[in-house]
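Engineer: The file below is coords31.txt, compact mmCIF, C-alpha atoms and all ligand atoms:
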# COMPACT_ATOMS: atom_id res chain seq x y z
CA MET Z 1 67.23 82.51 151.26
CA ASN Z 2 64.18 81.13 149.49
CA LYS Z 3 64.76 79.31 146.22
CA LEU Z 4 62.27 79.13 143.38
CA CYS Z 5 62.67 77.52 139.99
CA PHE Z 6 61.93 79.79 137.02
CA ALA Z 7 60.31 77.42 134.50
CA THR Z 8 61.59 78.97 131.28
CA ASN Z 9 63.94 78.08 128.44
CA ASN Z 10 64.35 81.76 127.53
CA ALA Z 11 67.70 83.05 128.86
CA HIS Z 12 66.61 86.69 128.32
CA LYS Z 13 63.67 86.22 130.67
CA ILE Z 14 65.99 84.79 133.34
CA GLU Z 15 68.35 87.74 132.96
CA GLU Z 16 65.53 90.28 133.25
CA VAL Z 17 63.80 88.62 136.19
CA ALA Z 18 67.07 88.10 138.10
CA PHE Z 19 67.80 91.80 137.62
CA ALA Z 20 64.29 92.79 138.76
CA LEU Z 21 64.40 90.55 141.84
CA ASP Z 22 67.46 92.31 143.18
CA GLY Z 23 68.14 89.42 145.58
CA ALA Z 24 64.53 89.02 146.83
CA PHE Z 25 64.97 85.27 146.35
CA GLU Z 26 67.30 82.88 144.53
CA LEU Z 27 66.37 81.62 141.07
CA LEU Z 28 66.97 78.04 140.00
CA SER Z 29 67.04 77.37 136.28
CA LEU Z 30 65.44 74.32 134.65
CA ALA Z 31 68.97 72.94 134.07
CA GLU Z 32 69.72 73.26 137.78
CA ILE Z 33 66.72 71.09 138.71
CA GLY Z 34 67.60 68.55 136.01
CA CYS Z 35 64.75 69.42 133.64
CA THR Z 36 65.66 69.23 129.97
CA ASP Z 37 62.09 68.75 128.75
CA GLU Z 38 60.32 71.02 126.29
CA LEU Z 39 57.59 72.67 128.39
CA PRO Z 40 54.04 72.20 127.02
CA GLU Z 41 52.27 75.33 125.72
CA THR Z 42 49.09 74.03 124.13
CA THR Z 43 46.16 75.76 125.86
CA GLY Z 44 45.71 78.57 123.34
CA THR Z 45 45.76 81.37 125.92
CA ILE Z 46 48.51 83.28 127.72
CA PRO Z 47 47.18 82.59 131.26
CA GLY Z 48 46.56 78.96 130.31
CA ASN Z 49 50.07 78.41 128.93
CA SER Z 50 51.60 80.17 131.92
CA ARG Z 51 49.78 77.80 134.26
CA GLN Z 52 50.59 74.79 132.07
CA LYS Z 53 54.36 75.43 132.14
CA ALA Z 54 54.51 76.01 135.92
CA ARG Z 55 52.25 73.05 136.66
CA TYR Z 56 54.34 70.76 134.43
CA VAL Z 57 57.51 71.54 136.37
CA PHE Z 58 55.82 71.29 139.78
CA ASP Z 59 54.15 67.99 138.93
CA HIS Z 60 57.27 66.37 137.42
CA PHE Z 61 59.96 67.77 139.74
CA GLN Z 62 58.05 68.49 142.98
CA ILE Z 63 59.62 71.90 143.35
CA ASP Z 64 58.03 75.30 143.93
CA CYS Z 65 58.33 77.24 140.71
CA PHE Z 66 56.89 79.96 138.51
CA ALA Z 67 56.51 80.43 134.75
CA ASP Z 68 55.99 83.48 132.55
CA ASP Z 69 53.90 83.42 129.41
CA SER Z 70 53.90 86.64 127.48
CA GLY Z 71 52.89 88.13 124.19
CA LEU Z 72 52.33 91.19 122.07
CA GLU Z 73 48.77 92.36 121.27
CA VAL Z 74 48.42 94.71 118.30
CA ASP Z 75 45.08 96.53 118.13
CA ALA Z 76 44.97 96.90 114.33
CA LEU Z 77 45.46 93.11 114.08
CA ASN Z 78 42.66 92.31 116.54
CA GLY Z 79 45.11 91.37 119.29
CA GLU Z 80 47.52 89.30 117.16
CA PRO Z 81 50.04 87.79 117.62
CA GLY Z 82 48.95 87.26 121.26
CA VAL Z 83 49.54 83.70 122.40
CA ASP Z 84 51.36 83.03 119.08
CA THR Z 85 53.95 85.78 119.60
CA ALA Z 86 57.00 83.48 119.90
CA PHE Z 87 56.30 81.74 116.56
CA TYR Z 88 54.43 84.45 114.68
CA SER Z 89 56.31 84.07 111.38
CA GLY Z 90 56.39 80.29 111.73
CA SER Z 91 59.79 80.29 113.44
CA ARG Z 92 61.34 81.62 116.65
CA ASP Z 93 63.73 83.84 114.69
CA HIS Z 94 63.32 87.35 116.14
CA ALA Z 95 64.37 89.16 112.96
CA LYS Z 96 61.86 87.14 110.91
CA ASN Z 97 59.08 87.75 113.45
CA ILE Z 98 59.75 91.49 113.41
CA ALA Z 99 59.81 91.61 109.60
CA PHE Z 100 56.56 89.63 109.46
CA LEU Z 101 54.79 91.98 111.88
CA LEU Z 102 56.07 95.13 110.15
CA GLN Z 103 54.86 93.73 106.83
CA LYS Z 104 51.38 93.10 108.29
CA LEU Z 105 51.27 96.69 109.56
CA ALA Z 106 52.54 98.28 106.33
CA GLY Z 107 50.41 101.34 105.57
CA ILE Z 108 48.44 101.07 108.82
CA THR Z 109 48.56 104.22 110.94
CA ASN Z 110 46.97 102.80 114.11
CA ARG Z 111 50.05 101.16 115.68
CA THR Z 112 48.88 100.87 119.30
CA ALA Z 113 49.85 97.64 121.04
CA ARG Z 114 50.66 96.18 124.43
CA PHE Z 115 52.88 93.51 125.91
CA ARG Z 116 51.18 91.23 128.40
CA SER Z 117 52.84 88.85 130.85
CA VAL Z 118 51.15 86.34 133.11
CA ILE Z 119 53.29 84.73 135.79
CA THR Z 120 51.98 81.61 137.50
CA LEU Z 121 53.48 80.60 140.83
CA VAL Z 122 52.95 77.04 142.03
CA GLN Z 123 53.83 76.89 145.71
CA ASN Z 124 53.06 73.80 147.78
CA GLY Z 125 50.75 72.77 144.95
CA GLN Z 126 48.67 75.98 145.12
CA GLU Z 127 48.53 78.26 142.07
CA TYR Z 128 48.69 82.05 142.02
CA GLN Z 129 48.75 84.32 138.96
CA PHE Z 130 50.21 87.80 138.53
CA GLU Z 131 49.65 89.89 135.39
CA GLY Z 132 51.56 92.84 134.00
CA VAL Z 133 50.80 94.99 130.96
CA VAL Z 134 52.68 97.80 129.22
CA GLU Z 135 50.93 99.95 126.62
CA GLY Z 136 52.80 101.33 123.63
CA ARG Z 137 53.04 101.35 119.87
CA ILE Z 138 54.83 99.51 117.07
CA ALA Z 139 57.60 101.49 115.35
CA THR Z 140 57.89 101.52 111.57
CA GLU Z 141 61.42 100.09 111.69
CA SER Z 142 63.80 98.43 114.18
CA HIS Z 143 65.81 100.61 116.57
CA GLY Z 144 68.34 99.45 119.13
CA THR Z 145 69.98 96.16 119.95
CA GLY Z 146 69.07 95.73 123.63
CA GLY Z 147 66.56 93.27 125.06
CA PHE Z 148 65.16 90.47 122.93
CA GLY Z 149 62.22 89.46 120.75
CA TYR Z 150 60.17 92.42 119.56
CA ASP Z 151 61.97 94.98 121.75
CA PRO Z 152 63.51 96.87 118.77
CA ILE Z 153 60.02 97.76 117.45
CA PHE Z 154 58.08 98.38 120.69
CA ILE Z 155 57.89 102.01 121.89
CA PRO Z 156 56.36 102.19 125.39
CA GLU Z 157 53.80 104.90 126.10
CA GLY Z 158 55.41 108.18 127.14
CA TYR Z 159 58.70 107.42 125.32
CA GLU Z 160 60.16 107.99 121.85
CA GLN Z 161 62.69 105.13 122.09
CA THR Z 162 62.07 101.42 121.69
CA PHE Z 163 62.70 98.83 124.39
CA GLY Z 164 65.71 97.90 122.26
CA GLU Z 165 67.18 101.35 122.93
CA LEU Z 166 66.22 101.69 126.59
CA SER Z 167 68.31 100.13 129.38
CA MET Z 168 67.19 96.95 131.13
CA GLU Z 169 66.62 99.00 134.28
CA VAL Z 170 64.26 101.41 132.48
CA LYS Z 171 62.50 98.57 130.65
CA ASN Z 172 62.00 96.56 133.85
CA GLY Z 173 60.61 99.61 135.63
CA MET Z 174 57.58 99.72 133.34
CA SER Z 175 57.50 96.46 131.40
CA HIS Z 176 54.83 93.78 131.44
CA ARG Z 177 57.26 91.28 132.99
CA GLY Z 178 58.63 93.81 135.48
CA ARG Z 179 55.09 94.51 136.68
CA ALA Z 180 54.14 90.85 136.92
CA VAL Z 181 57.37 90.10 138.84
CA ARG Z 182 56.60 92.88 141.33
CA GLY Z 183 53.21 91.23 141.93
CA LEU Z 184 55.00 87.94 142.59
CA VAL Z 185 57.59 89.52 144.91
CA ASP Z 186 54.92 91.45 146.87
CA TYR Z 187 52.95 88.25 147.31
CA LEU Z 188 56.00 86.29 148.50
CA ALA Z 189 56.92 89.10 150.89
CA GLY Z 190 53.51 88.67 152.48
P1 LIG I 201 59.47 80.06 127.69
O1 LIG I 201 58.11 79.61 127.23
O2 LIG I 201 60.46 78.95 127.82
O3 LIG I 201 59.40 80.92 128.93
P2 LIG I 201 59.39 81.63 125.25
O4 LIG I 201 60.37 82.56 124.58
O5 LIG I 201 58.82 80.50 124.45
O6 LIG I 201 60.10 81.06 126.58
P3 LIG I 201 56.71 82.67 125.50
O7 LIG I 201 56.12 81.39 125.09
O8 LIG I 201 56.14 83.39 126.68
O9 LIG I 201 58.26 82.51 125.86
O10 LIG I 201 56.75 83.61 124.23
C1 LIG I 201 56.69 84.97 124.37
C2 LIG I 201 57.31 85.62 123.15
O11 LIG I 201 56.87 86.99 123.18
C3 LIG I 201 58.83 85.69 123.23
O12 LIG I 201 59.45 84.60 122.60
C4 LIG I 201 59.14 86.99 122.50
O13 LIG I 201 59.12 86.81 121.12
C5 LIG I 201 57.93 87.86 122.89
N1 LIG I 201 58.21 88.64 124.09
C6 LIG I 201 57.78 88.38 125.36
N2 LIG I 201 58.27 89.28 126.21
C7 LIG I 201 59.01 90.13 125.48
C8 LIG I 201 59.78 91.26 125.78
O14 LIG I 201 59.94 91.69 127.03
N3 LIG I 201 60.40 91.89 124.79
C9 LIG I 201 60.29 91.47 123.53
N4 LIG I 201 59.60 90.39 123.14
C10 LIG I 201 58.96 89.72 124.11
Could I get this file's structure written as C-alpha cells?
Ligand code: ITT
Structural biologist:
Amino acid sequence: MNKLCFATNNAHKIEEVAFALDGAFELLSLAEIGCTDELPETTGTIPGNSRQKARYVFDHFQIDCFADDSGLEVDALNGEPGVDTAFYSGSRDHAKNIAFLLQKLAGITNRTARFRSVITLVQNGQEYQFEGVVEGRIATESHGTGGFGYDPIFIPEGYEQTFGELSMEVKNGMSHRGRAVRGLVDYLAG
C-alpha cells in the first residue's frame, strides 16, 4: 500500500482525513517520520501556506507528503479570518476564537461564510494542489461538541445543525477538507 506523510500537527485533521481515505493509502504522521519541527506558515495566503508546509517536509525529510491549510471566510468581515483563522483571537484556543468571532458579528444579520481547504501534495518533488470549499453561515451561539475549531458555530448550506452537531461522516461528505481530499485521492488513483 502507498504511504504518504500528512504534514500537520493538528490531530483532528489526521482523524478526519484518515476517516475520509477509507484505506485508499496509509498515512504517516510527522512523529512517524521523525519530524518534531514547527512547520512554517508565513506566506500570508492559504494556498501559499499549504505549499510551504508540504515543501518544508519534503525538502527536509525527502518523503512524499501533503499538507492542508484551511480557514474560515466570513463575508460581512471581508473574508476574515481567512489565513489567520487558527490564531484569530491571538491564541489557538478554540473557545476564545469562537467568542471573538461571535463578538465581531454581534448585531450583523448577514452571516454567510465558507470554509476553504487547500491541500498540497509534493510527490517526487512535483507539487499539486487540490481545493475544497463548503458554503454556510455562522450561528449566533455554539451548538454541539463534535469536530474541532469553529465547527460548533458553522452551519453548512442546506442544514440547520452545525458541524459540531453533525457526524464526522456527514461533515466529511460535504466539508472543505473532505472535498479537497477527494481531489487528492482521485489524482492518486490516476
Ligand atoms: P497544521 O497547520 O499543523 O495543519 P493548524 O490547526 O495550524 O494545523 P491551519 O493553519 O490550516 O491548521 O489552521 C486552520 C484553522 O482553521 C484551524 O486551526 C481551525 O481553527 C480552523 N479550521 C480549519 N478546518 C476546520 C474545520 O473543519 N472545522 C473547524 N475549524 C476548522
Engineer: Produce as a ChimeraX atom specification the set of residues near ligand LIG 201 (chain I), where near means within 8 Å with all atoms listed in the file considered.
Structural biologist: /Z:7-10,13,39,41,46,49-50,53,67-72,83-87,92,94,97,115-117,147-152,154,163,175-177
Engineer: Expressed in Å to a single decimal, how great is the separation between CA of Glu26 in chain Z and CA of Leu4 in chain Z?
Structural biologist: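 Straight-line distance from CA of Glu26 in chain Z to CA of Leu4 in chain Z works out to 6.4 Å.
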Engineer: Show me a table, sorted first by chain and then by increasing residue number, of the residues of range 103-123 of chain Z having an atom at most 7 Å from range 59-65 of chain Z, each with its shortest atom pair and the distance in Å to one decimal, counting all atoms listed in the file and written as a Markdown table.
Structural biologist:
| residue | atom | partner | partner_atom | distance |
| --- | --- | --- | --- | --- |
| Z:Leu121 | CA | Z:Cys65 | CA | 5.9 |
| Z:Val122 | CA | Z:Cys65 | CA | 5.5 |
| Z:Gln123 | CA | Z:Asp64 | CA | 4.8 |
Engineer: Could you tell me which of Z:Gly158, Z:Ile119, Z:Leu105, Z:Asn2 comes closest to Leu188 in chain Z if we count all atoms listed in the file?
Structural biologist: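 With all atoms listed in the file as the atom set, the closest residue is Z:Asn2.
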Engineer: Interatomic distance between CA of Arg55 in chain Z and CA of Ser91 in chain Z?
Structural biologist: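 Value for the CA of Arg55 in chain Z-CA of Ser91 in chain Z distance: 25.5 Å.
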Engineer: Put a box with edges along x, y and z around all the listed atoms of range 109-124 of chain Z, pad it by 5 Å on each side, then give me its centre and sizes in Å, one decimal, as AutoDock Vina command-line options.
Structural biologist:
--center_x 50.4 --center_y 89.0 --center_z 129.4 --size_x 16.9 --size_y 40.4 --size_z 46.8
Engineer: Using all atoms listed in the file, can you tell me which of Z:Leu166, Z:Ala18, Z:Leu102, Z:Leu77 comes closest to Thr145 in chain Z?
Structural biologist: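 Counting all atoms listed in the file, the residue closest to Thr145 in chain Z is Z:Leu166.
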Engineer: My list of candidates is Z:Ala76, Z:Ile138, Z:Ala95, Z:Val185. Which is closest to Thr162 in chain Z when distances are computed with all atoms listed in the file?
Structural biologist: Z:Ile138
Engineer: My list of candidates is Z:Gly23, Z:His12, Z:Ser142, Z:Ala31. Which is closest to Lys96 in chain Z when distances are computed with all atoms listed in the file?
Structural biologist: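 Closest residue, counting all atoms listed in the file: Z:Ser142.
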Engineer: Calculate how many Å separate CA of Gly190 in chain Z from CA of Phe19 in chain Z, rounding to one decimal.
Structural biologist: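 These two atoms are separated by 20.9 Å.
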Engineer: Compare Z:Gly173, Z:Ser167, Z:Glu73, Z:Lys104 by their minimum atom-to-atom distance to Arg137 in chain Z, counting only C-alpha atoms, and give me the closest one.
Structural biologist: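 Among the listed residues, the smallest separation from Arg137 in chain Z belongs to Z:Glu73.
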Engineer: Nearest to Glu169 in chain Z: which of Z:Ala11, Z:Ala20, Z:Val181, Z:Ile108 is it, counting all atoms listed in the file?
Structural biologist: Z:Ala20
Engineer: Would you mind writing range 105-126 of chain Z with N, CA, C and O atoms, as a JSON list (two decimals), in the coordinates of the input?
Structural biologist:
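Output file selection-v8.json is given in full below:
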[["chain", "number", "residue", "atom", "x", "y", "z"],
["Z", 105, "LEU", "N", 51.71, 95.35, 109.16],
["Z", 105, "LEU", "CA", 51.27, 96.69, 109.56],
["Z", 105, "LEU", "C", 51.62, 97.75, 108.51],
["Z", 105, "LEU", "O", 51.38, 98.94, 108.74],
["Z", 106, "ALA", "N", 52.15, 97.32, 107.37],
["Z", 106, "ALA", "CA", 52.54, 98.28, 106.33],
["Z", 106, "ALA", "C", 51.32, 99.12, 105.94],
["Z", 106, "ALA", "O", 50.25, 98.57, 105.64],
["Z", 107, "GLY", "N", 51.48, 100.43, 105.98],
["Z", 107, "GLY", "CA", 50.41, 101.34, 105.57],
["Z", 107, "GLY", "C", 49.34, 101.57, 106.62],
["Z", 107, "GLY", "O", 48.40, 102.34, 106.41],
["Z", 108, "ILE", "N", 49.43, 100.92, 107.76],
["Z", 108, "ILE", "CA", 48.44, 101.07, 108.82],
["Z", 108, "ILE", "C", 48.93, 102.12, 109.82],
["Z", 108, "ILE", "O", 50.07, 102.04, 110.32],
["Z", 109, "THR", "N", 48.10, 103.13, 110.06],
["Z", 109, "THR", "CA", 48.56, 104.22, 110.94],
["Z", 109, "THR", "C", 48.28, 103.94, 112.41],
["Z", 109, "THR", "O", 48.98, 104.43, 113.27],
["Z", 110, "ASN", "N", 47.22, 103.15, 112.71],
["Z", 110, "ASN", "CA", 46.97, 102.80, 114.11],
["Z", 110, "ASN", "C", 47.97, 101.72, 114.53],
["Z", 110, "ASN", "O", 47.84, 100.56, 114.16],
["Z", 111, "ARG", "N", 48.97, 102.10, 115.33],
["Z", 111, "ARG", "CA", 50.05, 101.16, 115.68],
["Z", 111, "ARG", "C", 50.02, 100.82, 117.17],
["Z", 111, "ARG", "O", 50.98, 100.28, 117.70],
["Z", 112, "THR", "N", 48.91, 101.13, 117.86],
["Z", 112, "THR", "CA", 48.88, 100.87, 119.30],
["Z", 112, "THR", "C", 48.94, 99.37, 119.60],
["Z", 112, "THR", "O", 48.39, 98.54, 118.86],
["Z", 113, "ALA", "N", 49.61, 99.04, 120.69],
["Z", 113, "ALA", "CA", 49.85, 97.64, 121.04],
["Z", 113, "ALA", "C", 50.20, 97.57, 122.52],
["Z", 113, "ALA", "O", 50.42, 98.60, 123.16],
["Z", 114, "ARG", "N", 50.20, 96.36, 123.04],
["Z", 114, "ARG", "CA", 50.66, 96.18, 124.43],
["Z", 114, "ARG", "C", 51.35, 94.82, 124.56],
["Z", 114, "ARG", "O", 51.04, 93.89, 123.82],
["Z", 115, "PHE", "N", 52.30, 94.78, 125.49],
["Z", 115, "PHE", "CA", 52.88, 93.51, 125.91],
["Z", 115, "PHE", "C", 52.14, 93.07, 127.16],
["Z", 115, "PHE", "O", 51.87, 93.87, 128.05],
["Z", 116, "ARG", "N", 51.83, 91.79, 127.22],
["Z", 116, "ARG", "CA", 51.18, 91.23, 128.40],
["Z", 116, "ARG", "C", 52.02, 90.04, 128.91],
["Z", 116, "ARG", "O", 52.51, 89.24, 128.12],
["Z", 117, "SER", "N", 52.15, 89.98, 130.21],
["Z", 117, "SER", "CA", 52.84, 88.85, 130.85],
["Z", 117, "SER", "C", 51.94, 88.30, 131.94],
["Z", 117, "SER", "O", 51.36, 89.06, 132.72],
["Z", 118, "VAL", "N", 51.82, 86.99, 131.98],
["Z", 118, "VAL", "CA", 51.15, 86.34, 133.11],
["Z", 118, "VAL", "C", 52.13, 85.38, 133.75],
["Z", 118, "VAL", "O", 52.64, 84.47, 133.08],
["Z", 119, "ILE", "N", 52.43, 85.62, 135.02],
["Z", 119, "ILE", "CA", 53.29, 84.73, 135.79],
["Z", 119, "ILE", "C", 52.41, 83.85, 136.65],
["Z", 119, "ILE", "O", 51.50, 84.33, 137.33],
["Z", 120, "THR", "N", 52.66, 82.54, 136.60],
["Z", 120, "THR", "CA", 51.98, 81.61, 137.50],
["Z", 120, "THR", "C", 52.98, 81.05, 138.49],
["Z", 120, "THR", "O", 54.02, 80.50, 138.08],
["Z", 121, "LEU", "N", 52.68, 81.20, 139.76],
["Z", 121, "LEU", "CA", 53.48, 80.60, 140.83],
["Z", 121, "LEU", "C", 52.76, 79.34, 141.29],
["Z", 121, "LEU", "O", 51.55, 79.36, 141.51],
["Z", 122, "VAL", "N", 53.50, 78.23, 141.38],
["Z", 122, "VAL", "CA", 52.95, 77.04, 142.03],
["Z", 122, "VAL", "C", 53.79, 76.79, 143.29],
["Z", 122, "VAL", "O", 54.99, 76.53, 143.21],
["Z", 123, "GLN", "N", 53.15, 76.98, 144.42],
["Z", 123, "GLN", "CA", 53.83, 76.89, 145.71],
["Z", 123, "GLN", "C", 53.06, 75.90, 146.58],
["Z", 123, "GLN", "O", 51.86, 76.11, 146.82],
["Z", 124, "ASN", "N", 53.72, 74.86, 147.00],
["Z", 124, "ASN", "CA", 53.06, 73.80, 147.78],
["Z", 124, "ASN", "C", 51.81, 73.28, 147.06],
["Z", 124, "ASN", "O", 50.81, 72.97, 147.69],
["Z", 125, "GLY", "N", 51.87, 73.29, 145.73],
["Z", 125, "GLY", "CA", 50.75, 72.77, 144.95],
["Z", 125, "GLY", "C", 49.65, 73.78, 144.67],
["Z", 125, "GLY", "O", 48.77, 73.53, 143.87],
["Z", 126, "GLN", "N", 49.69, 74.94, 145.35],
["Z", 126, "GLN", "CA", 48.67, 75.98, 145.12],
["Z", 126, "GLN", "C", 49.14, 76.91, 144.00],
["Z", 126, "GLN", "O", 50.34, 77.21, 143.90]]
